[in-house]
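Have a look at the structure below before the remarks.
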Amino acid sequence: MGKGFYISNTVGIIGIVLAVGALSTITALPAAITSLPTTEPSIEPWDQFRLPQTLSPQTYNVTLWPRLEPDPTGLYIFTGMSSVVFTCVIETDLILIHSNKLNMTNPPILTALGSSPAPAIALIVMHPITQYMAIHLTEKLIAGESYELYTEFLGELSDDLGGFYRSEYYEGGVKKVVATTQMQPTDARKAFPCFDEPAMKAVFHITLLHDPATIAISNGVEIDKVDITVDGTLVTKTTFAATESMSTYLLAFIVSDFGFIEQNIDTLQVRIFARQDAINAGQGQYALNVTGPILKFFETYYNVPYPLPKSDQVALPDFSAGAMENWGLITYRETALLYDEEISSNENKERVVTVIAHELAHQWFGNLVTLKWWNDLWLNEGFATYVEYLGADNAEPDWNIKDLFVLNDVHRVFAIDALASSHPLSSKEEEILTPEQINELFDTITYSKGASVLRMLSSFLTEAVFAQGLQTYLDYFKFSNTVYTDLWEHLQTAVDNTGTSLPKTVREIMDRWVLQMGFPVVTINTATGDITQEHFLLDPETKPDRPSEFNYEWYVPISWTKKEVEQPLYWLLQKTELSDKMKIIGDEWILANINVTGYYRVNYDTENWQRLLNVLQTSRQSIPIINRAQLIDDAFNLAKAGIVETTLALRTTLFLDSETEYMPWESALDNLNYYYLMFDRTEVYGPMQTYVGNQVKHLFDYFTTLTNWEDVPPGHTDQYNQVNALSVACSTGLEACTTLVTTWFQKWMNDPTVNLIKANLRSAVYCSAIAAGGEKEWDFAWQEFEKATVAAEKDKLRAAMACATEPWLLNRYLEYTLDPNKIRKQDATSTITSIASNVVGQPLAWDFVRANWEYIFTQYGGGSFSFSNLINGVTKRFSTPFELEQLIQFKNDNAHIGFGSGTQALEQSIERTQANIKWVEKNQQAVLDWFNNPS
Ligand SMILES: *[C@@H]1O[C@H](CO)[C@@H](O)[C@H](O)[C@H]1NC(C)=O
Ligand SMILES: [Zn+2]
């Protein structure tokens with residue numbers, strides 16, 4: 001899946017009872033099928049979350065008929081029939097097949113495909129917790145024989161964003177309903193009975209019945225389309241070509257009246273689907289333009305042809321994740337696929353191209369070759385997250401997009417992986433069993449740390465050797481399943497074949513990054529030549545929650561320069577080593593971890609830090625742009641951990657008064673944001689605002705001269721930094737800025753038919769104007785939000801409305817998040833999080849989350865991204881003993897409801913609050929003094 005806000009349906013007994021109850025009003029359960037609550041854990045196979053290895057599916061024939069009109073009771077449903085052919089591997093008198101929230105409308109039928117007859121069905125029991133249908137037979141199935149199981153069923157086409165679900169929108173005043181799917185990780189079983197594990201690959205024959213006015217698409221190409229009459233209703237029956245052998249979680253089927261545009265690249269058909277209005281407005285064009293080149297790029301990179309005859313990509317109005325890599329039919333939320341030349345920003349464009357590259361990368365890595373079980377999810381997602389930059393760079397070579405990896409992924413995950421409550425990339429297979437445990441894996445560690453260590457690996461092997469190992473891995477394992485060490489073996493072969501020199505095997509090196517959590521800080525003492533490594537913990541008083549078989553030591557590849565001269569890679573293999581080369585003579589200086597290709601932080605002796613600070617202020621071009629950002633980020637975090645003085649960190653921002661590059665600025669603003677969170681309710685706030693305001697003045701003037709706030713700066717990252725200049729100048733009260741912004745917004749309010757605010761600047765302008773304004777501005781923004789037809793524009797307004805400063809406006813806005821007619825379910829938690837990031841909104845959001853916990857949890861608790869984001873978001877400002885007490889109280893009060901995929905986030909919040917309390921106590925005075933007299 002692509003990163004993004006991820007909400008999946010709740011998985012729990014309450015939801016099931018409700019669904020079954022609702023459905024049984026329309027269709028009676030056949031007598032032979034009973035629903036028994038699962039009892040205490042036991043060794044019965046149906047009480048275990050993993051399928052037994054007794055049966056192996058070969059092919060499925062699935063026909064589904066979603067109803068896009070509600071039935072007389074107001075319920076949206078789908079009906080279906082499915083037959084699965086499976087081989088008996090080990091003799092058994094039990095068929096366990098996943099089935100969740102499906103109502104069998106006729107008793108299942110078992111037939112034998114071999115010579116001996118099929119045993120009779122004795123009893124069928126549904127197990128809602130483990131999500132099985134258990135079919136007990138009178139006699140055993142015979143090993144080596146094949147059988148066919150036929151089922152007819154009915155399910156709810158609900159709006160819960162999981163399994164087969166519905167999405168709604170209005171077009172020309174008419175309500176439109178889409179039937180669509182999100183199977184990953186465990187919801188294919190909500191669409192039809194299936195062996196729903198990634199290693200249970202099979203060939204799928206999909207048929208959809210639908211209204212003749214709609215179109216149906218699925219993983220395979222359409223091979224037949226006829227109108228038929230079923231139960232007195234005229235429907236179109238669309239049949240799709242058999243899929244390749246694939247995992248259930250990659251299935252997709254969609255019925256809609258979407259429009260599409262297409263392009264043929266050689267024999268490959270590429271199509272982009274979306275709401276007709278969006279397609280007619282040209283919003284799919286950018287996606288169509290970049291898809292072909294990116295597919296071609298990956299064909300070359302993987303050295304394996306794209307395995308399917310077509311690639312469809314669909315933008316959905318309601319979608320839980322950012323996107324989903326279903327094989328041949330990729331689904332997206334609208335902001336991740338649609339782009340409007342006039343209205344979308346360059347950030348929106350970057351998101352589209354990177355998410356497309358991510359999902360296309362999965363078509364091979366993940367889809368063609370699939371990890372055996374979810375415990376290895378980090379390799380699947382980490383890999384796609386790393387190579388999405390390569391694919392996007394190929395499509396937009398002028399952007400230097402690969403550089404941004406350091407800000408977007410490395411720095412982002414460092415913040416989490418430096419906590420004692422972090423966790424290793426790799427989990428044990430037997431520890432990941434339930435849907436909740438699987439969902440919880442979709443986190444920042446999986447995506448961003450996974451990507452960071454693979455980037456490090458690719459860097460020290462060289463991209464060519466990395467690609468070679470990857471190519472043989474994909475070729476060797478195509479259409480089957482692997483464990484992550486299979487990739488290490490193929491990379492090792494590439495290393496051996498090319499004579500690449502490594503101090504250890506690929507596996508020995510990578511084990512330390514994959515099996516133990518966290519990362520090291522490497523300290524280089526340029527006076528003595530000592531190099532040491534230590535597990536980096538943000539709160540030095542904590543101890544890691546778990547032991548490590550490697551004692552929290554790593555094999556660290558250190559790239560470094562001595563006074564701008566690149567040196568050979570240094571491998572740190574021990575806790576402490578001595579190297580004369582790292583000693584300094586005269587005015588030399590050492591810089592390590594060039595371009596942050598290594599997943600570690602770097603510290604130096606005070607003298608080398610001083611020399612680096614001097615270089616930053618006098619000749620910063622001697623230090624690569626990425627490392628200017630790194631020096632700031634390392635210094636701030638080392639200071640937070642008490643390893644260097646806080647004033648040293650603050651001094652790394654002094655050179656910004658002449659810096660115009662985006663990466664150092666963004667890194668500084670990220671880190672200063674923590675100071676704002678800790679201090680914007682204290683006396684530090686005033687002097688801090690003055691300092692930051694002084695630093696940004698030059699940048700604001702620079703962009704005024706360059707663009708006069710009319711032109712778009714030529715460089716991609718310059719466009720980002722123009723936004724920084726504007727938003728920081730305005731938030732620190734620079735009058736030239738606030739006047740500019742309020743004037744623009746006022747003009748728009750005076751004539752809502754023309755919005756002349758530049759696309760890139762809109763987020764910043766809307767936020768500043770709404771913060772400076774009141775009810776009138778807010779209500780105007782709300783009207784525009786409701787009217788907007790470009791999802792990216794809607795998102796900007798939605799975020800900006802959280803910038804209001806009147807508590808009642810924010811409270812009303814919080815209430816809106818409970819009403820899906822106002823704020824779509826997919827956007828609810830991110831809206832609450834935006835409100836919490838506003839100093840006025842934070843306590844309101846916290847009260848709101850506490851008051852509505854049960855509702856929020858049952859609506860969004862099964863998901864992952866958004867849910868841990870929510871908990872982290874509403875608590876990130878916490879820094880007083882009173883807030884800590886409230887947090888612990890919250891944990892105790894709601895233990896009976898649970899925290900689902902936010903469980904770890906809650907622990908991390910408690911740990912972070914404790915660290916914040918100590919940090920503020922220790923540093924407030926020094927920070928105040930420094931801001932009063934910065935030097
Ligand atoms: C560091 O990154 C910059 C910008 O992408 C690049 O030009 C430079 O070659 C890189 N340096 C090294 C040593 O790889
Ligand atoms: Zn992914």
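Lettering and numbering for the structure tokens are positional, with chains as A, B, ... in the shown order, residues counted from 1 in each chain, and ligands counted from 1 in the shown order.
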Residue neighbourhood Leu740 (chain A), 10 Å, only C-alpha atoms, exclusion window fewer than 5 positions, as a list in words: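 My reading of the contact set: Trp709, Leu726, Cys730, Glu735, Phe745, Val765 and Ala769 of chain A.
Contacts with ligand 1 are defined as any residue atom within 9 Å of a ligand atom, using only C-alpha atoms and all ligand atoms; the residues meeting this criterion are A:Asn400, A:Ile401, A:Lys402, A:Asp403, A:Ser459, A:Ser559, A:Trp560, A:Thr561, A:Glu566, A:Ile594, A:Asn595, A:Val596, A:Thr597, A:Pro624, A:Ile625, A:Ile626, A:Asn627.
Minimum distance to Ser99 (chain A) across A:Thr370, A:Asn61, A:Thr186, A:Thr606 (counting only C-alpha atoms) occurs at A:Thr186.
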Just list the residues in region 204-423 of chain A DSSP gives helix (DSSP H, G or I) on the backbone, as a PyMOL selection string. chain A and resi 248-250+276-280+285-302+334-337+346-362+374-395+397-399+401-417
Give me, as CSV, the closest atom pair and its distance (Å, one decimal) for every residue of chain A within a cut-off of 9 Å of ligand 2, counting only C-alpha atoms and all ligand atoms, rows sorted by chain and rising number.
```
residue,atom,partner,partner_atom_place_in_ligand_line,distance
A:Met1,CA,ligand 2,1 (Zn),3.4
A:Gly2,CA,ligand 2,1 (Zn),4.3
A:Lys3,CA,ligand 2,1 (Zn),6.9
A:Ala323,CA,ligand 2,1 (Zn),7.7
A:Met324,CA,ligand 2,1 (Zn),6.9
A:Glu325,CA,ligand 2,1 (Zn),6.8
A:Val355,CA,ligand 2,1 (Zn),8.7
A:His358,CA,ligand 2,1 (Zn),6.2
A:Glu359,CA,ligand 2,1 (Zn),6.1
A:Ala361,CA,ligand 2,1 (Zn),8.5
A:His362,CA,ligand 2,1 (Zn),6.7
A:Gly366,CA,ligand 2,1 (Zn),8.5
A:Asn380,CA,ligand 2,1 (Zn),6.9
A:Glu381,CA,ligand 2,1 (Zn),4.7
A:Gly382,CA,ligand 2,1 (Zn),7.9
A:Phe383,CA,ligand 2,1 (Zn),8.4
A:Ala384,CA,ligand 2,1 (Zn),5.7
A:Thr385,CA,ligand 2,1 (Zn),6.9
A:Tyr447,CA,ligand 2,1 (Zn),8.0
```
Output file for the selection above: N, CA and C atoms, as a PDB file, in the first residue's frame:
```pdb
ATOM      1  N   MET A   1       0.840  -1.201   0.000  1.00  0.00           N
ATOM      2  CA  MET A   1       0.000   0.000   0.000  1.00  0.00           C
ATOM      3  C   MET A   1       0.869   1.241   0.000  1.00  0.00           C
ATOM      4  N   GLY A   2       0.337   2.281  -0.492  1.00  0.00           N
ATOM      5  CA  GLY A   2       1.050   3.549  -0.458  1.00  0.00           C
ATOM      6  C   GLY A   2       0.805   4.222   0.876  1.00  0.00           C
ATOM      7  N   LYS A   3       1.790   4.952   1.338  1.00  0.00           N
ATOM      8  CA  LYS A   3       1.616   5.694   2.572  1.00  0.00           C
ATOM      9  C   LYS A   3       0.416   6.616   2.466  1.00  0.00           C
ATOM     10  N   ALA A 323      -2.841   4.528  -1.532  1.00  0.00           N
ATOM     11  CA  ALA A 323      -3.093   3.796  -2.761  1.00  0.00           C
ATOM     12  C   ALA A 323      -2.877   2.314  -2.497  1.00  0.00           C
ATOM     13  N   MET A 324      -3.319   1.478  -3.433  1.00  0.00           N
ATOM     14  CA  MET A 324      -3.173   0.031  -3.259  1.00  0.00           C
ATOM     15  C   MET A 324      -2.791  -0.603  -4.584  1.00  0.00           C
ATOM     16  N   GLU A 325      -1.747  -1.438  -4.510  1.00  0.00           N
ATOM     17  CA  GLU A 325      -1.092  -1.949  -5.722  1.00  0.00           C
ATOM     18  C   GLU A 325      -1.762  -3.158  -6.360  1.00  0.00           C
ATOM     19  N   VAL A 355       3.604   8.331  -5.647  1.00  0.00           N
ATOM     20  CA  VAL A 355       2.692   7.230  -5.303  1.00  0.00           C
ATOM     21  C   VAL A 355       2.526   6.293  -6.502  1.00  0.00           C
ATOM     22  N   HIS A 358       5.538   4.171  -6.620  1.00  0.00           N
ATOM     23  CA  HIS A 358       5.491   3.187  -5.537  1.00  0.00           C
ATOM     24  C   HIS A 358       4.618   1.990  -5.929  1.00  0.00           C
ATOM     25  N   GLU A 359       3.425   2.273  -6.423  1.00  0.00           N
ATOM     26  CA  GLU A 359       2.494   1.183  -6.735  1.00  0.00           C
ATOM     27  C   GLU A 359       2.960   0.388  -7.950  1.00  0.00           C
ATOM     28  N   ALA A 361       6.047  -0.062  -8.771  1.00  0.00           N
ATOM     29  CA  ALA A 361       7.175  -0.869  -8.294  1.00  0.00           C
ATOM     30  C   ALA A 361       6.679  -2.182  -7.691  1.00  0.00           C
ATOM     31  N   HIS A 362       5.541  -2.125  -6.999  1.00  0.00           N
ATOM     32  CA  HIS A 362       4.963  -3.336  -6.398  1.00  0.00           C
ATOM     33  C   HIS A 362       4.486  -4.354  -7.436  1.00  0.00           C
ATOM     34  N   GLY A 366       6.416  -7.700  -4.846  1.00  0.00           N
ATOM     35  CA  GLY A 366       5.200  -7.757  -4.037  1.00  0.00           C
ATOM     36  C   GLY A 366       4.132  -8.565  -4.750  1.00  0.00           C
ATOM     37  N   ASN A 380       8.632  -5.656   1.644  1.00  0.00           N
ATOM     38  CA  ASN A 380       7.741  -5.269   0.553  1.00  0.00           C
ATOM     39  C   ASN A 380       7.558  -3.751   0.502  1.00  0.00           C
ATOM     40  N   GLU A 381       7.196  -3.167   1.644  1.00  0.00           N
ATOM     41  CA  GLU A 381       6.887  -1.732   1.674  1.00  0.00           C
ATOM     42  C   GLU A 381       8.147  -0.875   1.687  1.00  0.00           C
ATOM     43  N   GLY A 382       9.177  -1.343   2.392  1.00  0.00           N
ATOM     44  CA  GLY A 382      10.430  -0.597   2.414  1.00  0.00           C
ATOM     45  C   GLY A 382      11.024  -0.535   1.021  1.00  0.00           C
ATOM     46  N   PHE A 383      10.952  -1.650   0.318  1.00  0.00           N
ATOM     47  CA  PHE A 383      11.494  -1.676  -1.035  1.00  0.00           C
ATOM     48  C   PHE A 383      10.751  -0.697  -1.945  1.00  0.00           C
ATOM     49  N   ALA A 384       9.411  -0.778  -1.937  1.00  0.00           N
ATOM     50  CA  ALA A 384       8.633   0.106  -2.825  1.00  0.00           C
ATOM     51  C   ALA A 384       8.863   1.562  -2.454  1.00  0.00           C
ATOM     52  N   THR A 385       9.025   1.841  -1.164  1.00  0.00           N
ATOM     53  CA  THR A 385       9.246   3.213  -0.723  1.00  0.00           C
ATOM     54  C   THR A 385      10.618   3.712  -1.187  1.00  0.00           C
ATOM     55  N   TYR A 447       7.740   1.287   6.543  1.00  0.00           N
ATOM     56  CA  TYR A 447       7.924   2.009   5.287  1.00  0.00           C
ATOM     57  C   TYR A 447       9.272   2.724   5.247  1.00  0.00           C
TER      58      TYR A 447
END
```
Write out as a PDB file with C-alpha atoms, in the first residue's frame which residues come within 12 Å of Leu379 (chain A) when counting only C-alpha atoms, dropping same-chain ones fewer than 3 positions away.
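The resulting selection-v1.pdb:
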```pdb
ATOM      1  CA  HIS A 362       4.963  -3.336  -6.398  1.00  0.00           C
ATOM      2  CA  PHE A 365       8.184  -6.598  -6.085  1.00  0.00           C
ATOM      3  CA  GLY A 366       5.200  -7.757  -4.037  1.00  0.00           C
ATOM      4  CA  VAL A 369       7.151 -12.177  -6.122  1.00  0.00           C
ATOM      5  CA  THR A 370       5.304 -12.054  -2.816  1.00  0.00           C
ATOM      6  CA  LEU A 371       6.548 -12.349   0.737  1.00  0.00           C
ATOM      7  CA  LYS A 372       5.268 -15.511   2.325  1.00  0.00           C
ATOM      8  CA  TRP A 373       3.729 -13.879   5.385  1.00  0.00           C
ATOM      9  CA  TRP A 374       2.964 -10.408   6.755  1.00  0.00           C
ATOM     10  CA  ASN A 375       5.873 -10.438   9.217  1.00  0.00           C
ATOM     11  CA  ASP A 376       8.103  -9.588   6.234  1.00  0.00           C
ATOM     12  CA  GLY A 382      10.430  -0.597   2.414  1.00  0.00           C
ATOM     13  CA  PHE A 383      11.494  -1.676  -1.035  1.00  0.00           C
ATOM     14  CA  ALA A 384       8.633   0.106  -2.825  1.00  0.00           C
ATOM     15  CA  THR A 385       9.246   3.213  -0.723  1.00  0.00           C
ATOM     16  CA  TYR A 386      12.917   3.247  -1.708  1.00  0.00           C
ATOM     17  CA  VAL A 387      12.470   2.647  -5.435  1.00  0.00           C
ATOM     18  CA  LEU A 425      11.907  -4.135  11.231  1.00  0.00           C
ATOM     19  CA  SER A 426      11.521  -7.878  11.179  1.00  0.00           C
ATOM     20  CA  SER A 427       8.953  -9.698  13.278  1.00  0.00           C
ATOM     21  CA  LEU A 441       2.717  -3.410  10.882  1.00  0.00           C
ATOM     22  CA  PHE A 442       1.745  -0.707   8.377  1.00  0.00           C
ATOM     23  CA  ILE A 445       9.233   1.843  10.711  1.00  0.00           C
ATOM     24  CA  THR A 446       8.022  -0.591   8.049  1.00  0.00           C
ATOM     25  CA  TYR A 447       7.924   2.009   5.287  1.00  0.00           C
ATOM     26  CA  SER A 448      10.622   4.533   6.060  1.00  0.00           C
ATOM     27  CA  LYS A 449      13.177   2.528   7.996  1.00  0.00           C
ATOM     28  CA  GLY A 450      12.709  -0.351   5.576  1.00  0.00           C
ATOM     29  CA  ALA A 451      13.439   2.051   2.724  1.00  0.00           C
ATOM     30  CA  SER A 452      16.360   3.679   4.563  1.00  0.00           C
ATOM     31  CA  VAL A 453      18.269   0.463   5.235  1.00  0.00           C
ATOM     32  CA  LEU A 454      17.688  -0.744   1.656  1.00  0.00           C
ATOM     33  CA  ARG A 455      18.996   2.580   0.344  1.00  0.00           C
ATOM     34  CA  THR A 482       9.770 -15.747  -0.416  1.00  0.00           C
ATOM     35  CA  VAL A 483      11.203 -14.812   2.954  1.00  0.00           C
ATOM     36  CA  TYR A 484      13.456 -11.755   3.249  1.00  0.00           C
ATOM     37  CA  THR A 485      16.679 -13.748   3.498  1.00  0.00           C
ATOM     38  CA  ASP A 486      16.060 -14.999  -0.062  1.00  0.00           C
ATOM     39  CA  LEU A 487      16.844 -11.480  -1.248  1.00  0.00           C
ATOM     40  CA  TRP A 488      20.046 -11.373   0.817  1.00  0.00           C
ATOM     41  CA  VAL A 514      16.841  -5.647  10.516  1.00  0.00           C
TER      42      VAL A 514
END
```
Test item: residues at most 12 Å from Glu806 (chain A), only C-alpha atoms, excluding those fewer than 3 positions along its chain, as a PyMOL selection string: chain A and resi 770-778+801-803+809-813+835+838-841+844
Residue selection dump (C-alpha atoms) as a short mmCIF file (atom, residue, chain, number, x, y, z; two decimals), in the first residue's frame:
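This is the output file again31.cif:
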```
data_model
loop_
_atom_site.label_atom_id
_atom_site.label_comp_id
_atom_site.auth_asym_id
_atom_site.auth_seq_id
_atom_site.Cartn_x
_atom_site.Cartn_y
_atom_site.Cartn_z
CA ILE A 770 -8.01 31.91 8.37
CA ALA A 771 -5.74 32.28 11.41
CA ALA A 772 -5.88 36.04 11.06
CA GLY A 773 -9.62 36.05 10.34
CA GLY A 774 -12.77 34.94 12.13
CA GLU A 775 -16.12 33.35 11.43
CA LYS A 776 -16.55 35.06 8.06
CA GLU A 777 -13.27 33.71 6.69
CA TRP A 778 -13.91 30.27 8.13
CA MET A 801 -9.73 25.47 8.49
CA ALA A 802 -7.80 23.90 11.37
CA CYS A 803 -5.69 27.09 11.55
CA LEU A 809 -14.89 27.46 15.42
CA LEU A 810 -12.46 24.66 16.15
CA ASN A 811 -14.94 22.85 18.38
CA ARG A 812 -17.60 23.05 15.71
CA TYR A 813 -15.08 21.74 13.20
CA ILE A 835 -6.68 20.79 14.65
CA ASN A 838 -2.77 24.32 16.28
CA VAL A 839 -1.87 25.63 19.75
CA VAL A 840 -5.46 26.71 20.39
CA GLY A 841 -6.90 23.51 18.99
CA LEU A 844 -9.85 20.95 22.32
#
```
